[in-house]
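Below is my_file.cif, holding mmCIF, C-alpha atoms and all ligand atoms.
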```cif
data_my_file
loop_
_atom_site.group_PDB
_atom_site.id
_atom_site.type_symbol
_atom_site.label_atom_id
_atom_site.label_comp_id
_atom_site.auth_asym_id
_atom_site.auth_seq_id
_atom_site.Cartn_x
_atom_site.Cartn_y
_atom_site.Cartn_z
ATOM 1 C CA MET A 37 -26.297 1.010 -12.315
ATOM 2 C CA ILE A 38 -25.084 2.162 -15.761
ATOM 3 C CA THR A 39 -27.969 2.705 -18.178
ATOM 4 C CA GLU A 40 -27.794 3.585 -21.869
ATOM 5 C CA SER A 41 -29.146 7.048 -21.064
ATOM 6 C CA LEU A 42 -26.338 7.644 -18.525
ATOM 7 C CA ILE A 43 -23.755 6.551 -21.102
ATOM 8 C CA ARG A 44 -25.232 9.039 -23.598
ATOM 9 C CA GLN A 45 -25.146 11.765 -20.967
ATOM 10 C CA TYR A 46 -21.461 10.966 -20.338
ATOM 11 C CA GLU A 47 -20.765 11.089 -24.063
ATOM 12 C CA ASN A 48 -22.582 14.396 -24.574
ATOM 13 C CA ASP A 49 -21.595 16.287 -21.429
ATOM 14 C CA GLY A 50 -18.181 14.752 -20.723
ATOM 15 C CA ALA A 51 -19.090 14.036 -17.074
ATOM 16 C CA VAL A 52 -21.822 12.325 -15.058
ATOM 17 C CA CYS A 53 -22.544 12.138 -11.339
ATOM 18 C CA ILE A 54 -23.627 8.811 -9.839
ATOM 19 C CA LYS A 55 -25.147 9.312 -6.403
ATOM 20 C CA GLY A 56 -24.254 6.828 -3.661
ATOM 21 C CA ALA A 57 -22.091 4.630 -5.876
ATOM 22 C CA ILE A 58 -19.743 3.683 -3.030
ATOM 23 C CA ASP A 59 -21.085 2.476 0.315
ATOM 24 C CA PRO A 60 -20.466 4.394 3.581
ATOM 25 C CA GLN A 61 -18.285 1.663 5.185
ATOM 26 C CA THR A 62 -15.877 1.708 2.259
ATOM 27 C CA ILE A 63 -15.689 5.512 2.331
ATOM 28 C CA ALA A 64 -15.033 5.460 6.100
ATOM 29 C CA SER A 65 -12.213 2.977 5.642
ATOM 30 C CA VAL A 66 -10.591 5.032 2.839
ATOM 31 C CA LEU A 67 -10.847 8.166 5.006
ATOM 32 C CA GLN A 68 -9.192 6.355 7.897
ATOM 33 C CA ASN A 69 -6.261 5.361 5.687
ATOM 34 C CA LEU A 70 -6.073 8.894 4.346
ATOM 35 C CA ASP A 71 -5.928 10.366 7.853
ATOM 36 C CA VAL A 72 -3.012 8.082 8.689
ATOM 37 C CA LEU A 73 -1.213 9.294 5.555
ATOM 38 C CA ILE A 74 -1.833 12.965 6.279
ATOM 39 C CA GLU A 75 -0.678 12.633 9.881
ATOM 40 C CA SER A 76 2.307 10.417 9.191
ATOM 41 C CA ASP A 77 4.350 12.074 6.511
ATOM 42 C CA ASN A 78 3.828 15.632 5.409
ATOM 43 C CA ASP A 79 6.863 15.481 3.114
ATOM 44 C CA ARG A 80 5.360 12.909 0.826
ATOM 45 C CA TRP A 81 2.662 15.204 -0.499
ATOM 46 C CA THR A 82 3.463 16.109 -4.084
ATOM 47 C CA THR A 83 1.598 19.393 -3.888
ATOM 48 C CA ILE A 84 1.611 21.376 -0.689
ATOM 49 C CA ARG A 85 -0.080 24.676 -0.984
ATOM 50 C CA ASP A 86 -1.874 26.728 1.588
ATOM 51 C CA GLY A 87 -4.355 24.276 3.075
ATOM 52 C CA GLY A 88 -4.303 21.802 0.225
ATOM 53 C CA PHE A 89 -2.689 18.402 -0.204
ATOM 54 C CA SER A 90 -2.370 16.104 -3.131
ATOM 55 C CA ASP A 91 -0.638 12.808 -3.745
ATOM 56 C CA ARG A 92 -0.949 10.088 -6.356
ATOM 57 C CA HIS A 93 0.010 6.657 -7.597
ATOM 58 C CA LEU A 94 -0.189 5.057 -4.181
ATOM 59 C CA TRP A 95 -1.650 1.763 -5.418
ATOM 60 C CA PRO A 96 1.697 0.088 -6.287
ATOM 61 C CA SER A 97 2.857 0.404 -2.654
ATOM 62 C CA MET A 98 -0.389 0.555 -0.648
ATOM 63 C CA PRO A 99 -2.574 -2.563 -0.745
ATOM 64 C CA TRP A 100 -5.634 -0.713 0.639
ATOM 65 C CA MET A 101 -5.497 1.677 -2.282
ATOM 66 C CA TYR A 102 -5.076 -1.102 -4.841
ATOM 67 C CA GLU A 103 -8.023 -2.949 -3.348
ATOM 68 C CA PHE A 104 -10.218 0.134 -3.636
ATOM 69 C CA CYS A 105 -9.178 0.896 -7.229
ATOM 70 C CA ALA A 106 -9.381 -2.716 -8.415
ATOM 71 C CA THR A 107 -12.167 -4.416 -6.499
ATOM 72 C CA SER A 108 -14.730 -1.650 -5.902
ATOM 73 C CA LYS A 109 -17.465 -1.011 -8.479
ATOM 74 C CA LEU A 110 -15.402 1.789 -10.003
ATOM 75 C CA PRO A 111 -13.625 -0.031 -12.863
ATOM 76 C CA GLU A 112 -16.895 -1.545 -14.075
ATOM 77 C CA ILE A 113 -18.703 1.802 -13.872
ATOM 78 C CA VAL A 114 -15.949 3.565 -15.802
ATOM 79 C CA GLY A 115 -15.497 0.709 -18.308
ATOM 80 C CA GLN A 116 -19.194 0.700 -19.137
ATOM 81 C CA LEU A 117 -19.425 4.478 -19.429
ATOM 82 C CA MET A 118 -16.456 4.456 -21.839
ATOM 83 C CA ARG A 119 -18.127 1.585 -23.808
ATOM 84 C CA SER A 120 -14.863 -0.269 -23.394
ATOM 85 C CA SER A 121 -14.462 -4.037 -23.190
ATOM 86 C CA GLU A 122 -11.927 -3.638 -20.377
ATOM 87 C CA ALA A 123 -10.570 -1.153 -17.867
ATOM 88 C CA ARG A 124 -6.937 -0.955 -16.809
ATOM 89 C CA LEU A 125 -5.845 0.969 -13.742
ATOM 90 C CA TYR A 126 -3.548 3.929 -14.350
ATOM 91 C CA PHE A 127 -3.305 5.802 -11.046
ATOM 92 C CA ASP A 128 -5.056 7.071 -7.956
ATOM 93 C CA HIS A 129 -4.950 10.780 -7.112
ATOM 94 C CA ILE A 130 -5.869 12.294 -3.757
ATOM 95 C CA PHE A 131 -7.121 15.869 -3.446
ATOM 96 C CA VAL A 132 -7.583 17.352 0.016
ATOM 97 C CA ARG A 133 -8.580 20.933 0.645
ATOM 98 C CA GLU A 134 -8.799 22.127 4.228
ATOM 99 C CA ALA A 135 -11.681 24.218 5.555
ATOM 100 C CA GLY A 136 -11.339 27.857 4.640
ATOM 101 C CA THR A 137 -8.505 27.456 2.145
ATOM 102 C CA GLY A 138 -8.363 29.701 -0.893
ATOM 103 C CA GLN A 139 -6.644 27.017 -2.956
ATOM 104 C CA THR A 140 -8.411 26.183 -6.211
ATOM 105 C CA THR A 141 -7.928 23.643 -8.986
ATOM 106 C CA PRO A 142 -7.444 25.704 -12.149
ATOM 107 C CA TRP A 143 -9.401 24.849 -15.304
ATOM 108 C CA HIS A 144 -7.577 22.112 -17.224
ATOM 109 C CA GLN A 145 -7.909 18.928 -19.252
ATOM 110 C CA ASP A 146 -6.249 15.752 -17.927
ATOM 111 C CA ARG A 147 -5.169 13.812 -20.999
ATOM 112 C CA PRO A 148 -2.527 16.355 -22.146
ATOM 113 C CA TYR A 149 -0.624 15.651 -18.892
ATOM 114 C CA TRP A 150 -0.567 11.914 -19.511
ATOM 115 C CA PRO A 151 1.500 9.712 -21.862
ATOM 116 C CA PHE A 152 -1.564 8.500 -23.747
ATOM 117 C CA GLN A 153 -3.707 9.199 -26.750
ATOM 118 C CA GLY A 154 -7.276 7.964 -26.892
ATOM 119 C CA LYS A 155 -10.837 8.767 -25.974
ATOM 120 C CA GLN A 156 -11.453 5.818 -23.665
ATOM 121 C CA ILE A 157 -9.498 7.335 -20.799
ATOM 122 C CA ALA A 158 -11.489 8.476 -17.785
ATOM 123 C CA SER A 159 -11.419 9.267 -14.092
ATOM 124 C CA ALA A 160 -13.790 8.288 -11.307
ATOM 125 C CA TRP A 161 -13.703 11.159 -8.789
ATOM 126 C CA VAL A 162 -15.003 9.797 -5.500
ATOM 127 C CA ALA A 163 -16.355 12.250 -2.929
ATOM 128 C CA LEU A 164 -14.893 11.183 0.438
ATOM 129 C CA THR A 165 -16.572 14.179 2.095
ATOM 130 C CA GLY A 166 -19.519 16.226 0.959
ATOM 131 C CA CYS A 167 -19.039 19.513 -0.871
ATOM 132 C CA LYS A 168 -21.244 22.204 -2.335
ATOM 133 C CA LYS A 169 -21.311 23.931 -5.677
ATOM 134 C CA ASP A 170 -20.039 27.142 -4.103
ATOM 135 C CA ALA A 171 -17.273 25.488 -2.044
ATOM 136 C CA SER A 172 -14.719 23.291 -3.799
ATOM 137 C CA ALA A 173 -17.105 21.132 -5.838
ATOM 138 C CA LEU A 174 -15.708 19.795 -9.086
ATOM 139 C CA LYS A 175 -17.018 21.692 -12.116
ATOM 140 C CA PHE A 176 -16.927 21.052 -15.847
ATOM 141 C CA VAL A 177 -17.343 22.944 -19.078
ATOM 142 C CA ARG A 178 -20.208 20.916 -20.447
ATOM 143 C CA GLY A 179 -19.419 19.246 -23.779
ATOM 144 C CA SER A 180 -15.909 20.766 -23.983
ATOM 145 C CA HIS A 181 -14.418 17.350 -24.881
ATOM 146 C CA THR A 182 -16.286 17.389 -28.194
ATOM 147 C CA ALA A 183 -14.498 20.516 -29.481
ATOM 148 C CA GLY A 184 -11.401 18.487 -30.420
ATOM 149 C CA LYS A 185 -9.114 20.998 -28.671
ATOM 150 C CA VAL A 186 -6.093 20.217 -26.563
ATOM 151 C CA TYR A 187 -5.132 23.132 -24.352
ATOM 152 C CA ARG A 188 -1.717 23.831 -22.888
ATOM 153 C CA PRO A 189 -1.306 22.088 -19.543
ATOM 154 C CA ILE A 190 -0.025 24.211 -16.660
ATOM 155 C CA PRO A 191 2.229 22.869 -13.879
ATOM 156 C CA PHE A 192 0.499 21.941 -10.611
ATOM 157 C CA GLY A 193 3.274 20.344 -8.571
ATOM 158 C CA LYS A 194 5.642 21.807 -6.010
ATOM 159 C CA ASP A 195 8.641 20.224 -7.794
ATOM 160 C CA GLY A 196 10.636 22.523 -10.084
ATOM 161 C CA GLY A 197 10.852 22.327 -13.855
ATOM 162 C CA SER A 198 7.805 24.475 -14.387
ATOM 163 C CA SER A 199 9.308 26.621 -17.110
ATOM 164 C CA GLU A 200 10.672 23.552 -18.911
ATOM 165 C CA PHE A 201 7.256 21.944 -18.674
ATOM 166 C CA LEU A 202 5.646 25.065 -20.122
ATOM 167 C CA ASP A 203 8.222 25.175 -22.933
ATOM 168 C CA GLN A 204 7.521 21.568 -23.826
ATOM 169 C CA ASN A 205 3.879 22.408 -24.274
ATOM 170 C CA ALA A 206 4.291 25.895 -25.712
ATOM 171 C CA SER A 207 2.812 24.973 -29.095
ATOM 172 C CA LEU A 208 -0.579 24.219 -27.562
ATOM 173 C CA GLU A 209 -3.352 26.788 -27.348
ATOM 174 C CA VAL A 210 -3.794 28.605 -24.026
ATOM 175 C CA MET A 211 -6.919 27.743 -22.015
ATOM 176 C CA PRO A 212 -9.599 30.392 -22.558
ATOM 177 C CA ASP A 213 -10.627 32.639 -19.655
ATOM 178 C CA ILE A 214 -13.643 30.602 -18.633
ATOM 179 C CA ASP A 215 -14.499 32.508 -15.457
ATOM 180 C CA GLY A 216 -14.120 35.798 -17.293
ATOM 181 C CA SER A 217 -16.618 34.869 -20.024
ATOM 182 C CA PRO A 218 -19.502 33.171 -18.193
ATOM 183 C CA ASN A 219 -21.877 33.573 -21.140
ATOM 184 C CA ASP A 220 -19.654 31.559 -23.449
ATOM 185 C CA PHE A 221 -19.447 28.381 -21.390
ATOM 186 C CA GLU A 222 -22.054 26.152 -19.809
ATOM 187 C CA ILE A 223 -20.847 24.938 -16.421
ATOM 188 C CA LEU A 224 -21.859 21.576 -15.022
ATOM 189 C CA CYS A 225 -21.499 21.066 -11.262
ATOM 190 C CA TRP A 226 -23.104 19.013 -8.489
ATOM 191 C CA ASP A 227 -23.445 19.216 -4.710
ATOM 192 C CA VAL A 228 -22.052 15.866 -3.573
ATOM 193 C CA GLU A 229 -22.247 13.607 -0.525
ATOM 194 C CA PRO A 230 -19.647 11.032 0.575
ATOM 195 C CA GLY A 231 -19.840 8.039 -1.780
ATOM 196 C CA ASP A 232 -21.058 9.990 -4.816
ATOM 197 C CA VAL A 233 -18.865 9.454 -7.862
ATOM 198 C CA ILE A 234 -18.299 11.775 -10.801
ATOM 199 C CA VAL A 235 -16.947 10.058 -13.900
ATOM 200 C CA PHE A 236 -15.363 12.276 -16.533
ATOM 201 C CA GLY A 237 -13.283 11.834 -19.646
ATOM 202 C CA GLY A 238 -9.665 12.868 -20.166
ATOM 203 C CA GLU A 239 -10.464 15.746 -22.481
ATOM 204 C CA VAL A 240 -13.301 17.555 -20.731
ATOM 205 C CA ILE A 241 -12.266 20.891 -19.184
ATOM 206 C CA HIS A 242 -12.676 20.856 -15.408
ATOM 207 C CA GLY A 243 -11.552 22.602 -12.231
ATOM 208 C CA ALA A 244 -12.687 23.303 -8.670
ATOM 209 C CA SER A 245 -13.321 26.426 -6.652
ATOM 210 C CA ASP A 246 -11.741 27.273 -3.280
ATOM 211 C CA ASN A 247 -13.022 26.081 0.081
ATOM 212 C CA THR A 248 -13.282 29.472 1.769
ATOM 213 C CA GLY A 249 -17.044 29.132 2.155
ATOM 214 C CA SER A 250 -16.849 25.861 4.074
ATOM 215 C CA LEU A 251 -16.120 24.883 7.673
ATOM 216 C CA HIS A 252 -15.130 21.371 6.585
ATOM 217 C CA ARG A 253 -12.220 19.630 4.907
ATOM 218 C CA ARG A 254 -12.975 18.527 1.354
ATOM 219 C CA ALA A 255 -11.374 15.240 0.365
ATOM 220 C CA ALA A 256 -11.693 13.353 -2.895
ATOM 221 C CA LEU A 257 -9.969 10.464 -4.600
ATOM 222 C CA SER A 258 -9.761 10.453 -8.381
ATOM 223 C CA ILE A 259 -8.979 7.070 -9.949
ATOM 224 C CA ARG A 260 -7.772 7.033 -13.540
ATOM 225 C CA TYR A 261 -8.538 4.137 -15.874
ATOM 226 C CA VAL A 262 -7.711 3.458 -19.520
ATOM 227 C CA GLY A 263 -9.853 1.486 -21.964
ATOM 228 C CA ASP A 264 -9.685 -0.195 -25.375
ATOM 229 C CA ASP A 265 -8.481 2.698 -27.522
ATOM 230 C CA ALA A 266 -5.748 4.030 -25.196
ATOM 231 C CA ILE A 267 -2.380 4.178 -26.946
ATOM 232 C CA TRP A 268 0.959 4.761 -25.217
ATOM 233 C CA ASP A 269 2.400 8.146 -26.191
ATOM 234 C CA PRO A 270 5.254 9.137 -23.842
ATOM 235 C CA ARG A 271 5.709 12.674 -25.210
ATOM 236 C CA GLU A 272 8.144 15.139 -23.655
ATOM 237 C CA GLY A 273 6.534 16.919 -20.770
ATOM 238 C CA THR A 274 4.009 14.216 -19.920
ATOM 239 C CA ASP A 275 3.825 12.820 -16.415
ATOM 240 C CA PRO A 276 6.935 10.644 -15.834
ATOM 241 C CA MET A 277 5.275 8.632 -13.039
ATOM 242 C CA VAL A 278 5.179 5.595 -15.363
ATOM 243 C CA ASN A 279 7.749 6.049 -18.133
ATOM 244 C CA ASP A 280 8.947 4.295 -21.262
ATOM 245 C CA GLU A 281 11.776 2.518 -19.426
ATOM 246 C CA MET A 282 9.372 0.835 -17.042
ATOM 247 C CA VAL A 283 6.904 -0.732 -19.452
ATOM 248 C CA THR A 284 6.958 -3.763 -21.745
ATOM 249 C CA PHE A 285 5.256 -2.055 -24.723
ATOM 250 C CA ARG A 286 6.356 0.759 -27.015
ATOM 251 C CA ALA A 287 4.965 4.075 -28.245
ATOM 252 C CA GLY A 288 1.892 3.503 -30.409
ATOM 253 C CA GLU A 289 0.933 0.268 -28.654
ATOM 254 C CA ALA A 290 -1.850 -0.513 -26.197
ATOM 255 C CA PRO A 291 -0.719 -0.392 -22.547
ATOM 256 C CA HIS A 292 -1.034 -4.129 -22.006
ATOM 257 C CA ASP A 293 1.348 -4.475 -19.110
ATOM 258 C CA ASP A 294 -0.215 -5.880 -15.984
ATOM 259 C CA LYS A 295 2.538 -4.573 -13.757
ATOM 260 C CA TRP A 296 1.838 -0.875 -14.354
ATOM 261 C CA PHE A 297 -1.612 -1.019 -15.916
ATOM 262 C CA PRO A 298 -3.356 -4.028 -14.372
ATOM 263 C CA LYS A 299 -6.568 -5.130 -16.043
ATOM 264 C CA VAL A 300 -9.129 -4.579 -13.303
ATOM 265 C CA TRP A 301 -12.334 -5.198 -15.229
ATOM 266 C CA SER A 302 -13.479 -6.766 -18.477
ATOM 267 C CA VAL A 303 -16.867 -7.428 -20.075
ATOM 268 C CA GLY A 304 -18.651 -10.636 -19.169
HETATM 269 O O1 LIG A 401 -10.601 17.604 -6.860
HETATM 270 C C1 LIG A 401 -9.993 18.509 -7.403
HETATM 271 O O2 LIG A 401 -9.890 19.634 -6.910
HETATM 272 C C2 LIG A 401 -9.351 18.311 -8.744
HETATM 273 C C3 LIG A 401 -9.688 17.010 -9.389
HETATM 274 C C4 LIG A 401 -9.118 16.876 -10.756
HETATM 275 O O3 LIG A 401 -8.715 17.827 -11.388
HETATM 276 C C5 LIG A 401 -9.053 15.549 -11.354
HETATM 277 O O4 LIG A 401 -9.442 14.573 -10.714
HETATM 278 O O5 LIG A 401 -8.569 15.442 -12.506
#
```
Please re-express this file's structure in structure tokens.
Amino acid sequence: MITESLIRQYENDGAVCIKGAIDPQTIASVLQNLDVLIESDNDRWTTIRDGGFSDRHLWPSMPWMYEFCATSKLPEIVGQLMRSSEARLYFDHIFVREAGTGQTTPWHQDRPYWPFQGKQIASAWVALTGCKKDASALKFVRGSHTAGKVYRPIPFGKDGGSSEFLDQNASLEVMPDIDGSPNDFEILCWDVEPGDVIVFGGEVIHGASDNTGSLHRRAALSIRYVGDDAIWDPREGTDPMVNDEMVTFRAGEAPHDDKWFPKVWSVG
């Protein structure tokens, strides 16, 4: 499935779309589990905005999620695209946007939110429903990962601490106004069907538009993996979901701890 030309495209653009990477039965089963979650416990959602839900890091407590992250084709796809000899699971991240909602995902890079340094850090964003370029599709600033810039992360969650979070990252450059300067940025975006997978690196700028133009819920599952060059860097203000107290390695070391970062794929 992963050719040399696709790897080069990933390296140049920062993101690639692989059509039909996950089979329909698997998608149906993930959607079923997701429906149970949405119906069962509204309080658990870490971001509740108008018509949008998000939750993450379910794999340690939900076997169905671990099975999907660890035994589907995803870790191999991501590992090969990163040219890594192994892939370790970091976390799963659900993004649901109801029909008609004006909620967007602002432009951002992922790696600045996470306690890691490294280039071999990537996400596999799995379309659980279809979506169109003009309604909540994921979009990227093509090649933005090659500029060597780390922009200031902005808080997404409903939990407090936003101003502290902003202070901790105040030294970083503010994200440019991408929508306001369309001639300065080349945008990469795909219409997707259930089972299509977009793989993108931790430093490419990405976001998603609202779902006002759609009559359907948009649901996606983004699975984060780390590869050979990932180094633990638990800086202030990074996501505390897995923190320094929990792991068996120290800052500057590779995250070789099978409890929190299980090795889910390796070459050969
Ligand atoms: O699906 C979305 O709206 C956002 C996805 C995203 O930002 C990510 O997976 O890092």
(Q) For the PyMOL selection byres (((chain A and resi 213) around 12) and not hetatm), applied here, can you spell out every residue it catches as JSON, numbers by chain? (A) {"A": [142, 143, 144, 177, 187, 210, 211, 212, 214, 215, 216, 217, 218, 219, 220, 221, 241]}
Just-selected residues, C-alpha atoms written as a tab-separated table (two decimals), in the coordinates of the input:
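Final output, selection-v7.tsv:
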```
chain	number	residue	atom	x	y	z
A	142	PRO	CA	-7.44	25.70	-12.15
A	143	TRP	CA	-9.40	24.85	-15.30
A	144	HIS	CA	-7.58	22.11	-17.22
A	177	VAL	CA	-17.34	22.94	-19.08
A	187	TYR	CA	-5.13	23.13	-24.35
A	210	VAL	CA	-3.79	28.60	-24.03
A	211	MET	CA	-6.92	27.74	-22.02
A	212	PRO	CA	-9.60	30.39	-22.56
A	214	ILE	CA	-13.64	30.60	-18.63
A	215	ASP	CA	-14.50	32.51	-15.46
A	216	GLY	CA	-14.12	35.80	-17.29
A	217	SER	CA	-16.62	34.87	-20.02
A	218	PRO	CA	-19.50	33.17	-18.19
A	219	ASN	CA	-21.88	33.57	-21.14
A	220	ASP	CA	-19.65	31.56	-23.45
A	221	PHE	CA	-19.45	28.38	-21.39
A	241	ILE	CA	-12.27	20.89	-19.18
```
Can you report as AutoDock Vina command-line options the centre and edge lengths in Å, to one decimal, of an axis-aligned box around the listed atoms of ligand LIG 401 (chain A) padded with 8 Å on each side?
```
--center_x -9.6 --center_y 17.1 --center_z -9.7 --size_x 18.0 --size_y 21.1 --size_z 21.6
```
Q: Go ahead and find all residues with at least one atom no further than 12 Å from (-6.7, 6.1, -1.8) in the file's coordinates, using only C-alpha atoms; report them as a PyMOL selection string.
A: chain A and resi 62-74+90-106+108+127-132+161-164+255-260
Q: Using only C-alpha atoms and all ligand atoms, pick whichever of A:Asp246, A:Asp264, A:Asp294, A:Glu289 has the shortest atom-to-atom distance to ligand LIG 401 (chain A).
A: A:Asp246
Q. Counting only C-alpha atoms, what is within 10 Å of Ile157 of chain A, bar same-chain residues fewer than 3 positions away, as a list in words?
A.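 Answer for this query is Val114, Gly115, Met118, Ser120, Ala123, Arg124, Tyr126, Asp146, Arg147, Phe152, Gln153, Gly154, Phe236, Gly237, Gly238, Glu239, Arg260, Tyr261, Val262, Gly263, Asp264, Asp265, Ala266 and Ile267 of chain A.
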Could you take the residues named above and write them with C-alpha atoms, as a compact mmCIF listing (two decimals), in the frame of the given file?
```txt
# COMPACT_ATOMS: atom_id res chain seq x y z
CA VAL A 114 -15.95 3.56 -15.80
CA GLY A 115 -15.50 0.71 -18.31
CA MET A 118 -16.46 4.46 -21.84
CA SER A 120 -14.86 -0.27 -23.39
CA ALA A 123 -10.57 -1.15 -17.87
CA ARG A 124 -6.94 -0.96 -16.81
CA TYR A 126 -3.55 3.93 -14.35
CA ASP A 146 -6.25 15.75 -17.93
CA ARG A 147 -5.17 13.81 -21.00
CA PHE A 152 -1.56 8.50 -23.75
CA GLN A 153 -3.71 9.20 -26.75
CA GLY A 154 -7.28 7.96 -26.89
CA PHE A 236 -15.36 12.28 -16.53
CA GLY A 237 -13.28 11.83 -19.65
CA GLY A 238 -9.66 12.87 -20.17
CA GLU A 239 -10.46 15.75 -22.48
CA ARG A 260 -7.77 7.03 -13.54
CA TYR A 261 -8.54 4.14 -15.87
CA VAL A 262 -7.71 3.46 -19.52
CA GLY A 263 -9.85 1.49 -21.96
CA ASP A 264 -9.68 -0.20 -25.38
CA ASP A 265 -8.48 2.70 -27.52
CA ALA A 266 -5.75 4.03 -25.20
CA ILE A 267 -2.38 4.18 -26.95
```
